[in-house]
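Asker: Pasting work_1.tsv below, which is TSV, C-alpha atoms.
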```tsv
chain	number	residue	atom	x	y	z
A	1	MET	CA	100.51	56.09	103.72
A	2	THR	CA	101.91	54.67	106.98
A	3	ARG	CA	101.22	50.94	107.18
A	4	ILE	CA	98.66	50.40	109.95
A	5	ASP	CA	98.02	46.63	110.26
A	6	GLY	CA	95.77	46.96	113.31
A	7	SER	CA	98.16	49.16	115.31
A	8	VAL	CA	95.38	51.75	115.69
A	9	LEU	CA	91.97	51.06	117.21
A	10	ILE	CA	88.64	52.79	117.09
A	11	ALA	CA	88.11	53.09	120.81
A	12	GLY	CA	84.76	54.86	120.91
A	13	ILE	CA	81.99	56.36	118.81
A	14	GLY	CA	79.27	58.85	119.66
A	15	TYR	CA	76.26	60.40	117.95
A	16	SER	CA	74.37	63.56	118.77
A	17	GLU	CA	70.70	64.03	118.15
A	18	VAL	CA	70.11	63.76	114.39
A	19	ALA	CA	67.10	65.42	112.75
A	20	ARG	CA	66.07	67.55	109.81
A	21	SER	CA	66.07	70.50	112.18
A	22	THR	CA	67.04	70.33	115.85
A	23	GLY	CA	66.91	74.04	116.70
A	24	ARG	CA	70.31	73.59	118.33
A	25	SER	CA	73.75	75.01	117.68
A	26	GLU	CA	76.41	73.00	115.90
A	27	GLY	CA	78.57	73.36	119.02
A	28	SER	CA	76.00	71.68	121.26
A	29	LEU	CA	75.65	68.82	118.79
A	30	ALA	CA	79.42	68.35	118.59
A	31	ILE	CA	79.79	68.37	122.37
A	32	GLU	CA	77.02	65.79	122.74
A	33	ALA	CA	78.62	63.48	120.18
A	34	CYS	CA	82.08	63.83	121.75
A	35	ARG	CA	80.84	63.20	125.28
A	36	ASN	CA	78.99	60.11	124.07
A	37	ALA	CA	82.14	58.87	122.32
A	38	ILE	CA	84.21	59.37	125.47
A	39	GLU	CA	81.59	57.50	127.50
A	40	ASP	CA	81.52	54.72	124.91
A	41	SER	CA	85.30	54.32	125.05
A	42	GLY	CA	85.55	54.15	128.83
A	43	LEU	CA	88.76	56.20	128.70
A	44	PRO	CA	89.20	59.21	130.99
A	45	ARG	CA	89.32	62.60	129.30
A	46	THR	CA	92.87	62.98	130.56
A	47	ALA	CA	93.88	60.15	128.20
A	48	ILE	CA	92.95	62.22	125.14
A	49	ASP	CA	96.00	64.02	123.79
A	50	GLY	CA	94.75	64.90	120.32
A	51	ILE	CA	91.76	66.56	118.65
A	52	ALA	CA	90.90	66.96	114.96
A	53	VAL	CA	88.03	68.20	112.79
A	54	TRP	CA	87.02	68.26	109.12
A	55	PRO	CA	86.55	70.79	107.65
A	56	ASP	CA	88.08	73.78	109.33
A	57	ARG	CA	86.05	76.84	110.22
A	58	VAL	CA	86.71	78.87	107.09
A	59	SER	CA	86.86	76.39	104.21
A	60	SER	CA	83.29	75.36	103.52
A	61	VAL	CA	79.58	75.83	104.06
A	62	PHE	CA	79.91	72.51	105.92
A	63	GLU	CA	82.18	73.92	108.63
A	64	GLY	CA	81.74	72.84	112.23
A	65	PRO	CA	82.81	74.25	115.61
A	66	SER	CA	86.51	75.03	115.91
A	67	ILE	CA	88.96	72.81	117.74
A	68	THR	CA	89.73	75.62	120.20
A	69	TYR	CA	86.04	75.83	121.09
A	70	MET	CA	85.83	72.06	121.49
A	71	GLN	CA	89.01	71.83	123.53
A	72	ARG	CA	87.56	74.25	126.07
A	73	ALA	CA	84.11	72.66	126.03
A	74	LEU	CA	85.47	69.15	126.60
A	75	GLY	CA	88.08	70.20	129.14
A	76	LEU	CA	91.00	68.74	127.19
A	77	SER	CA	94.31	69.98	128.57
A	78	ARG	CA	97.48	70.42	126.55
A	79	PRO	CA	96.80	68.27	123.47
A	80	ARG	CA	100.02	67.38	121.66
A	81	TYR	CA	98.26	66.74	118.36
A	82	TRP	CA	95.61	68.99	116.86
A	83	GLN	CA	94.52	69.54	113.30
A	84	ALA	CA	91.74	71.35	111.43
A	85	PHE	CA	91.55	70.17	107.83
A	86	GLY	CA	90.27	72.18	104.89
A	87	THR	CA	87.79	70.75	102.42
A	88	GLY	CA	90.38	69.49	99.98
A	89	PRO	CA	91.54	66.16	101.42
A	90	ALA	CA	87.99	64.69	101.66
A	91	GLN	CA	85.73	64.06	104.61
A	92	LEU	CA	87.75	61.49	106.54
A	93	ALA	CA	90.92	63.59	106.42
A	94	SER	CA	90.88	64.21	110.17
A	95	LEU	CA	90.67	60.47	110.86
A	96	VAL	CA	93.45	59.70	108.38
A	97	GLY	CA	95.69	62.33	109.97
A	98	ALA	CA	94.97	61.04	113.47
A	99	ILE	CA	95.61	57.43	112.45
A	100	ASN	CA	98.99	58.37	111.01
A	101	ALA	CA	99.82	60.48	114.07
A	102	ILE	CA	99.11	57.58	116.42
A	103	ALA	CA	100.95	55.08	114.20
A	104	VAL	CA	104.16	57.16	114.31
A	105	GLY	CA	103.87	58.04	118.01
A	106	ALA	CA	102.78	61.67	117.72
A	107	ALA	CA	99.64	60.96	119.78
A	108	ASP	CA	98.10	58.18	121.86
A	109	VAL	CA	94.36	58.94	121.87
A	110	VAL	CA	92.72	61.37	119.41
A	111	ILE	CA	89.10	62.48	119.29
A	112	CYS	CA	87.81	63.47	115.84
A	113	TYR	CA	84.41	65.03	115.28
A	114	ARG	CA	82.14	66.13	112.48
A	115	ALA	CA	79.21	68.48	113.15
A	116	HIS	CA	77.05	70.65	110.95
A	117	LEU	CA	73.63	72.15	110.61
A	118	ARG	CA	71.34	71.56	107.67
A	119	GLN	CA	72.21	73.92	104.84
A	120	GLU	CA	69.36	75.65	103.09
A	121	GLN	CA	69.32	75.67	99.30
A	122	ARG	CA	71.55	78.37	97.83
A	123	PHE	CA	71.13	79.80	94.35
A	124	TRP	CA	74.40	81.11	92.94
A	125	ALA	CA	74.33	83.80	90.31
A	126	PRO	CA	76.63	83.44	87.30
A	127	GLY	CA	80.00	84.91	88.20
A	128	ALA	CA	79.48	84.46	91.95
A	129	GLY	CA	82.36	83.23	94.05
A	130	SER	CA	82.64	79.49	94.63
A	131	GLY	CA	81.25	79.88	98.14
A	132	GLY	CA	78.11	81.54	96.84
A	133	THR	CA	78.18	84.21	99.55
A	134	ASP	CA	79.34	87.24	97.56
A	135	ASN	CA	79.65	88.60	94.05
A	136	ALA	CA	83.38	88.09	93.69
A	137	PRO	CA	84.51	86.60	90.38
A	138	ALA	CA	84.67	82.82	90.24
A	139	THR	CA	88.29	81.64	90.34
A	140	ALA	CA	90.29	78.47	89.69
A	141	GLU	CA	88.10	75.55	88.58
A	142	SER	CA	84.98	77.47	89.63
A	143	ALA	CA	85.49	79.77	86.65
A	144	TYR	CA	84.74	76.84	84.37
A	145	ARG	CA	81.59	75.76	86.20
A	146	VAL	CA	79.78	78.55	88.00
A	147	PRO	CA	78.94	80.69	84.92
A	148	TYR	CA	77.12	77.67	83.49
A	149	GLY	CA	75.14	76.89	86.64
A	150	VAL	CA	77.32	73.99	87.80
A	151	PRO	CA	78.84	75.24	91.09
A	152	ALA	CA	78.90	72.00	93.07
A	153	GLY	CA	76.70	69.18	94.31
A	154	ALA	CA	74.13	67.58	92.01
A	155	PRO	CA	74.92	69.62	88.86
A	156	ARG	CA	78.60	68.68	89.11
A	157	PHE	CA	78.15	65.00	89.84
A	158	ALA	CA	75.35	64.66	87.30
A	159	LEU	CA	78.06	65.02	84.65
A	160	TRP	CA	79.92	62.01	86.04
A	161	ALA	CA	76.68	60.03	86.32
A	162	ALA	CA	75.75	60.85	82.73
A	163	ARG	CA	79.11	59.67	81.44
A	164	HIS	CA	78.86	56.40	83.37
A	165	ALA	CA	75.36	55.87	82.00
A	166	TYR	CA	76.57	56.53	78.44
A	167	GLU	CA	79.48	54.09	78.69
A	168	TYR	CA	77.84	51.29	80.70
A	169	GLY	CA	74.09	51.67	80.24
A	170	THR	CA	73.40	52.60	83.87
A	171	THR	CA	69.68	53.35	84.13
A	172	ASP	CA	67.28	55.23	86.37
A	173	GLU	CA	66.21	51.84	87.77
A	174	HIS	CA	69.81	51.00	88.66
A	175	ARG	CA	70.23	54.21	90.62
A	176	GLY	CA	66.76	53.70	92.05
A	177	ALA	CA	67.77	50.27	93.34
A	178	LEU	CA	70.55	51.92	95.33
A	179	VAL	CA	68.15	54.50	96.75
A	180	LEU	CA	65.58	51.81	97.65
A	181	THR	CA	68.26	49.71	99.37
A	182	CYS	CA	69.19	52.65	101.58
A	183	ARG	CA	65.57	53.53	102.31
A	184	GLU	CA	64.76	49.90	103.18
A	185	HIS	CA	67.64	49.78	105.66
A	186	ALA	CA	66.55	53.12	107.13
A	187	GLN	CA	63.31	51.45	108.23
A	188	LEU	CA	65.40	49.42	110.69
A	189	ASN	CA	67.20	52.44	112.16
A	190	PRO	CA	65.17	54.76	114.42
A	191	ARG	CA	67.89	57.41	114.11
A	192	ALA	CA	67.37	57.63	110.34
A	193	VAL	CA	65.47	60.68	109.09
A	194	TRP	CA	63.49	58.52	106.64
A	195	TYR	CA	62.58	55.99	109.36
A	196	GLY	CA	58.88	55.21	108.99
A	197	HIS	CA	58.85	56.39	105.35
A	198	PRO	CA	59.34	53.44	102.97
A	199	LEU	CA	59.83	54.02	99.25
A	200	THR	CA	58.82	52.18	96.09
A	201	MET	CA	60.46	52.23	92.67
A	202	GLU	CA	57.37	54.01	91.36
A	203	ASP	CA	57.86	56.73	93.99
A	204	TYR	CA	61.49	57.08	93.00
A	205	LEU	CA	60.82	57.30	89.27
A	206	ALA	CA	58.11	59.91	89.90
A	207	SER	CA	60.46	62.16	91.89
A	208	ASP	CA	61.71	65.40	90.36
A	209	LEU	CA	64.63	65.34	87.95
A	210	ILE	CA	66.94	68.10	89.15
A	211	ALA	CA	70.21	67.58	87.23
A	212	SER	CA	69.90	64.90	84.57
A	213	PRO	CA	70.18	62.02	85.20
A	214	LEU	CA	69.96	62.68	88.97
A	215	ARG	CA	66.61	63.01	90.71
A	216	ILE	CA	65.91	64.66	94.04
A	217	LEU	CA	65.87	61.23	95.70
A	218	ASP	CA	69.37	60.51	94.34
A	219	CYS	CA	70.64	63.25	96.67
A	220	ASP	CA	71.44	62.71	100.33
A	221	MET	CA	69.23	64.24	103.02
A	222	PRO	CA	70.64	67.30	104.84
A	223	VAL	CA	70.32	67.06	108.63
A	224	ASP	CA	71.48	68.68	111.84
A	225	GLY	CA	73.84	66.25	113.54
A	226	ALA	CA	77.29	65.26	114.74
A	227	VAL	CA	79.40	62.13	115.03
A	228	ALA	CA	82.60	61.70	117.03
A	229	ILE	CA	85.23	58.97	116.68
A	230	ILE	CA	87.99	58.21	119.21
A	231	LEU	CA	91.16	56.56	117.92
A	232	ALA	CA	93.79	54.99	120.16
A	233	ARG	CA	96.95	52.88	120.14
A	234	SER	CA	96.25	49.16	120.05
A	235	ASP	CA	97.80	48.62	123.49
A	236	ARG	CA	94.91	50.59	125.01
A	237	ALA	CA	92.49	47.75	124.17
A	238	PRO	CA	92.31	46.41	127.78
A	239	ASP	CA	91.23	49.87	128.98
A	240	LEU	CA	88.23	50.16	126.66
A	241	ARG	CA	84.62	49.76	127.70
A	242	SER	CA	83.41	48.63	124.29
A	243	ARG	CA	84.77	45.97	121.97
A	244	PRO	CA	87.64	47.58	120.04
A	245	VAL	CA	87.68	47.69	116.26
A	246	ALA	CA	91.03	47.61	114.47
A	247	VAL	CA	92.03	49.84	111.57
A	248	GLN	CA	93.71	47.47	109.12
A	249	SER	CA	94.40	49.77	106.19
A	250	VAL	CA	93.54	53.18	104.81
A	251	GLY	CA	93.50	54.52	101.26
A	252	HIS	CA	93.46	58.27	100.80
A	253	ALA	CA	93.93	59.24	97.17
A	254	GLY	CA	93.04	61.75	94.51
A	255	GLY	CA	94.00	59.99	91.30
A	256	ALA	CA	95.26	61.63	88.12
A	257	THR	CA	94.29	65.20	89.08
A	258	LEU	CA	92.39	67.07	91.78
A	259	ASP	CA	90.51	69.08	89.17
A	260	ASN	CA	86.99	67.95	88.25
A	261	GLU	CA	87.17	69.53	84.80
A	262	LEU	CA	90.46	67.89	83.81
A	263	TRP	CA	89.69	64.39	85.11
A	264	PRO	CA	90.63	61.99	82.27
A	265	ASP	CA	87.89	59.36	82.66
A	266	MET	CA	84.63	60.36	84.33
A	267	THR	CA	83.41	56.76	84.56
A	268	VAL	CA	86.05	56.15	87.25
A	269	MET	CA	86.28	58.30	90.38
A	270	ALA	CA	89.07	58.61	92.92
A	271	ALA	CA	87.27	55.79	94.74
A	272	LYS	CA	89.27	53.33	92.64
A	273	TYR	CA	92.61	54.90	93.56
A	274	ALA	CA	91.75	55.08	97.25
A	275	ALA	CA	90.58	51.47	97.17
A	276	ASP	CA	93.76	50.36	95.39
A	277	GLU	CA	95.87	52.04	98.06
A	278	MET	CA	93.77	50.48	100.83
A	279	TRP	CA	94.02	46.96	99.39
A	280	ALA	CA	97.78	47.41	98.91
A	281	GLY	CA	98.15	47.77	102.68
A	282	THR	CA	96.50	44.48	103.64
A	283	SER	CA	96.21	40.83	102.67
A	284	LEU	CA	92.41	41.10	102.85
A	285	ARG	CA	90.43	41.49	99.64
A	286	ALA	CA	86.95	42.54	98.52
A	287	ALA	CA	85.77	38.93	98.82
A	288	ASP	CA	86.52	39.08	102.57
A	289	LEU	CA	84.12	41.97	103.22
A	290	ASP	CA	81.04	41.28	105.35
A	291	VAL	CA	79.56	44.76	105.12
A	292	ALA	CA	80.32	47.89	103.08
A	293	GLN	CA	79.39	51.43	104.06
A	294	VAL	CA	79.86	52.91	100.59
A	295	TYR	CA	79.55	56.66	100.24
A	296	ASP	CA	76.15	57.76	98.98
A	297	GLY	CA	76.15	61.53	98.92
A	298	PHE	CA	74.54	60.83	95.56
A	299	SER	CA	73.37	57.43	94.34
A	300	SER	CA	75.89	57.56	91.50
A	301	LEU	CA	78.77	57.92	93.97
A	302	ALA	CA	77.79	54.68	95.69
A	303	ILE	CA	77.75	52.92	92.33
A	304	SER	CA	81.26	54.22	91.68
A	305	TRP	CA	82.44	52.96	95.06
A	306	LEU	CA	81.06	49.45	94.47
A	307	GLU	CA	83.02	49.28	91.24
A	308	GLY	CA	86.12	51.07	92.55
A	309	LEU	CA	86.43	48.74	95.53
A	310	GLY	CA	86.35	45.73	93.23
A	311	ILE	CA	83.12	44.40	94.72
A	312	VAL	CA	81.78	44.25	91.17
A	313	GLY	CA	83.30	44.95	87.76
A	314	MET	CA	82.97	48.18	85.83
A	315	GLY	CA	79.37	48.71	84.73
A	316	GLU	CA	78.10	45.84	86.90
A	317	ALA	CA	76.98	47.75	90.00
A	318	GLY	CA	73.55	48.72	88.65
A	319	PRO	CA	72.40	45.19	87.78
A	320	TRP	CA	73.97	43.89	91.02
A	321	LEU	CA	71.90	46.35	93.03
A	322	LEU	CA	68.74	45.67	91.04
A	323	GLU	CA	69.11	41.98	91.86
A	324	GLY	CA	69.11	42.86	95.59
A	325	HIS	CA	72.69	41.86	96.42
A	326	GLY	CA	73.32	45.01	98.50
A	327	ARG	CA	70.36	44.45	100.80
A	328	LEU	CA	70.53	42.84	104.24
A	329	GLY	CA	70.60	39.13	103.55
A	330	GLY	CA	72.19	39.73	100.15
A	331	ARG	CA	75.73	38.99	99.02
A	332	LEU	CA	77.21	42.11	100.63
A	333	PRO	CA	74.94	44.44	102.63
A	334	ILE	CA	75.69	48.12	102.04
A	335	CYS	CA	74.68	51.32	103.85
A	336	THR	CA	73.10	49.27	106.63
A	337	ASP	CA	71.96	52.28	108.66
A	338	GLY	CA	70.19	53.74	105.66
A	339	GLY	CA	73.27	55.62	104.52
A	340	GLN	CA	73.03	59.31	103.74
A	341	LEU	CA	70.16	58.77	101.31
A	342	GLY	CA	68.00	57.13	103.97
A	343	GLY	CA	69.57	58.11	107.26
A	344	GLY	CA	70.81	61.65	106.70
A	345	ARG	CA	74.03	63.38	105.70
A	346	LEU	CA	76.65	62.65	108.35
A	347	HIS	CA	79.40	62.53	105.76
A	348	GLY	CA	82.06	59.86	106.12
A	349	PHE	CA	81.85	59.85	109.91
A	350	GLY	CA	78.47	58.14	109.82
A	351	LYS	CA	80.01	55.44	107.63
A	352	VAL	CA	82.76	54.72	110.13
A	353	ALA	CA	80.42	54.73	113.13
A	354	GLU	CA	78.01	52.28	111.45
A	355	SER	CA	80.89	49.97	110.52
A	356	VAL	CA	82.05	49.97	114.13
A	357	ARG	CA	78.55	49.11	115.39
A	358	GLN	CA	78.26	46.28	112.86
A	359	LEU	CA	81.63	44.82	113.87
A	360	ARG	CA	80.63	45.03	117.54
A	361	GLY	CA	77.31	43.31	116.82
A	362	GLU	CA	75.26	46.25	118.12
A	363	CYS	CA	72.86	46.86	115.22
A	364	GLY	CA	69.81	44.85	116.25
A	365	GLN	CA	67.42	44.17	113.37
A	366	ARG	CA	69.89	45.45	110.79
A	367	GLN	CA	72.83	43.45	112.13
A	368	VAL	CA	74.87	41.50	109.58
A	369	PRO	CA	75.46	38.08	111.21
A	370	ASN	CA	79.04	37.55	112.44
A	371	ALA	CA	80.40	40.64	110.70
A	372	GLN	CA	84.20	40.62	110.95
A	373	VAL	CA	85.42	42.85	108.09
A	374	ALA	CA	83.95	46.19	107.03
A	375	VAL	CA	84.89	49.03	104.73
A	376	SER	CA	83.93	52.68	105.25
A	377	CYS	CA	84.11	55.13	102.35
A	378	ALA	CA	83.84	58.85	101.80
A	379	GLY	CA	84.19	61.17	98.86
A	380	GLY	CA	83.32	61.52	95.21
A	381	GLY	CA	84.88	62.76	92.01
A	382	PRO	CA	88.61	63.46	92.44
A	383	MET	CA	88.80	62.97	96.23
A	384	ALA	CA	88.20	59.79	98.22
A	385	THR	CA	89.08	57.85	101.36
A	386	ALA	CA	88.55	54.16	102.10
A	387	MET	CA	89.10	52.59	105.52
A	388	LEU	CA	89.24	48.85	106.19
A	389	LEU	CA	88.17	47.80	109.68
A	390	THR	CA	88.11	44.43	111.46
A	391	ALA	CA	86.46	43.17	114.64
A	392	GLY	CA	88.81	43.13	117.63
```
Would you mind giving the structure from this file in structure tokens?

Answerer:
Amino acid sequence: MTRIDGSVLIAGIGYSEVARSTGRSEGSLAIEACRNAIEDSGLPRTAIDGIAVWPDRVSSVFEGPSITYMQRALGLSRPRYWQAFGTGPAQLASLVGAINAIAVGAADVVICYRAHLRQEQRFWAPGAGSGGTDNAPATAESAYRVPYGVPAGAPRFALWAARHAYEYGTTDEHRGALVLTCREHAQLNPRAVWYGHPLTMEDYLASDLIASPLRILDCDMPVDGAVAIILARSDRAPDLRSRPVAVQSVGHAGGATLDNELWPDMTVMAAKYAADEMWAGTSLRAADLDVAQVYDGFSSLAISWLEGLGIVGMGEAGPWLLEGHGRLGGRLPICTDGGQLGGGRLHGFGKVAESVRQLRGECGQRQVPNAQVAVSCAGGGPMATAMLLTAG
């Protein structure tokens, strides 16, 4: 990893409309988010010389509009850096690539975007391909999972959650405390899909068990939406409309293996390795954090991130959450926009955008007072990215 030390800024952020169903195309959502990010930055479009997306058009059911489509739609001429990442390197791969490109002089200003439409439930027959769209034989690691009804998502991560519960006594109430924290914060964010819908522990415990020990409310909420992030060299700070936020360090790691089935210790995800790499690139430590946008694609992933980042020790995240330390006003507020469990699945991009808003002091009722240091996380299992940001 190239050492960053604040040499790269987040110059602008932009959201599209976010809803359970917008009736719009993913392209229109991506364009809206990108235009809002450009407006937020105050930079002219001619300053943008890079564009990146995760994932690329052919790698995943989560694919968004192609970079060629977006280049034409945004009127970007002759970019010198462009990249479409596959699903493998985790959700913030496009940001990590752009940060490194700027740090080494391969680009000055890069716009990265993430857009997708809500995916309907898919039922994969035994032996189906890993994408679930045909009857081709399952290959690679899918051959070990798909025939047993564990293609991806909740069934896969339930295995990690069950192991953590076995080793450390993590309970339904511990995971429920994480879900309730996100839902409580969502009540302060009008953009959140669960805004206006508070939740009690009784509600959570009564929700359907879908892949033991995970319940339906342990799973993030699919939405239509897009987020765009503009990155720039630090010397562009005087040109920016909004308060810049500095990228201090990035950890982008996979750990011992990239294979779910061969992972040596399922109580520890790649979150720990990404966090270790991130902390190695800065003098800041977990105790310096003011806010943490931990990844909550599933409640168990957020628990892993709290422990992997060193915010709490192994097995301590559940009790810490149950005591209310992750809530606004607690020791370290997490998922302040409601996260993906309360706000909707915007993948890691929503984490970065909320961190930026917190460090700018733009979050209104959910603002963490005098927030100066934030971490944004994405990924679960054998893939993870952690990004440390500071107020400019």

Asker: Compile the contact shell of Glu17 (chain A) as a list in words: residues with an atom at most 12 Å away, counting only C-alpha atoms, same-chain residues fewer than 6 positions apart removed.

Answerer: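 Listing them by chain and then by number gives Gly23, Arg24, Ser25, Glu26, Ser28, Leu29, Ala30, Ile31, Glu32, Ala33, Cys34, Asn36, Ala115, His116, Leu117, Pro190, Arg191, Ala192, Val193, Val223, Asp224, Gly225, Ala226, Val227, Gly344 and Leu346 of chain A.
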
Asker: Which polymer residues, whether protein, DNA or RNA, lie within 9 Å of the coordinate (82.6, 54.9, 101.8) when you count only C-alpha atoms? List them as a list in words, using the chain letters and numbers from the file.

Answerer: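 Selection result: Ala271, Ala292, Gln293, Val294, Tyr295, Asp296, Ala302, Trp305, Cys335, Gly348, Lys351, Val352, Val375, Ser376, Cys377, Ala378, Gly379, Ala384, Thr385, Ala386 and Met387 of chain A.
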
Asker: List as a ChimeraX atom specification the residues having at least one atom at most 12 Å from position (59.2, 54.9, 111.5) as given in the file, counting only C-alpha atoms.

Answerer: /A:183-198,342-343

Asker: So how far away is CA of Pro244 (chain A) from CA of Ser283 (chain A), in Å?

Answerer: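 About the pair CA of Ser283 (chain A) and CA of Pro244 (chain A): they are 20.5 Å apart.
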
Asker: Which one is closest to Arg118 (chain A): A:Ile38, A:Ala19, A:Asp49, A:Trp82? Count all atoms listed in the file.

Answerer: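 Nearest candidate to Arg118 (chain A) out of A:Ile38, A:Ala19, A:Asp49, A:Trp82: A:Ala19.
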
Asker: Give me the residues within 12 Å of Ser41 (chain A) as a ChimeraX atom specification, counting only C-alpha atoms and dropping any in the same chain fewer than 3 places off.

Answerer: /A:9-14,34-38,44-45,47-48,109-111,228-232,236-245

Asker: Between CA of Asp172 (chain A) and CA of Leu341 (chain A), what is the distance in Å, rounded to a tenth?

Answerer: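 Calculated distance between CA of Asp172 (chain A) and CA of Leu341 (chain A) is 15.6 Å.
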
Asker: Rounded to one decimal in Å, what is the spacing between CA of Cys182 (chain A) and CA of Leu306 (chain A)?

Answerer: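 Straight-line distance from CA of Cys182 (chain A) to CA of Leu306 (chain A) works out to 14.2 Å.
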
Asker: Compare A:Gly330, A:Gly6, A:Gly380, A:Gly350 by their minimum atom-to-atom distance to Val250 (chain A), counting all atoms listed in the file, and give me the closest one.

Answerer: A:Gly6

Asker: Please determine, counting only C-alpha atoms, which residue among A:Ala177, A:Leu284, A:Met70, A:Leu388 has the shortest atom-to-atom distance to Ala246 (chain A).

Answerer: A:Leu388

Asker: From the options A:Gly310, A:Gly329, A:Gly315, A:Gly50, which residue's atoms come nearest to Tyr166 (chain A), counting only C-alpha atoms?

Answerer: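 Of A:Gly310, A:Gly329, A:Gly315, A:Gly50, the one nearest Tyr166 (chain A), counting only C-alpha atoms, is A:Gly315.
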
Asker: Given the choices A:Leu43, A:Val368, A:Met383, A:Ala101, which gets closest to Met269 (chain A) if the distance is worked out from only C-alpha atoms?

Answerer: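 Looking only at the distances to Met269 (chain A), the closest residue turns out to be A:Met383.
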
Asker: Using all atoms listed in the file, pick whichever of A:Thr336, A:Arg285, A:Val18, A:Met314 has the shortest atom-to-atom distance to Gly364 (chain A).

Answerer: A:Thr336

Asker: Let me have the centre and edge lengths of the axis-aligned box enclosing all listed atoms of region 377-384 of chain A with 3 Å padding on every side, in Å to one decimal, as lines of an AutoDock Vina configuration file.

Answerer:
```
center_x = 86.1
center_y = 59.3
center_z = 97.2
size_x = 11.5
size_y = 14.3
size_z = 16.3
```
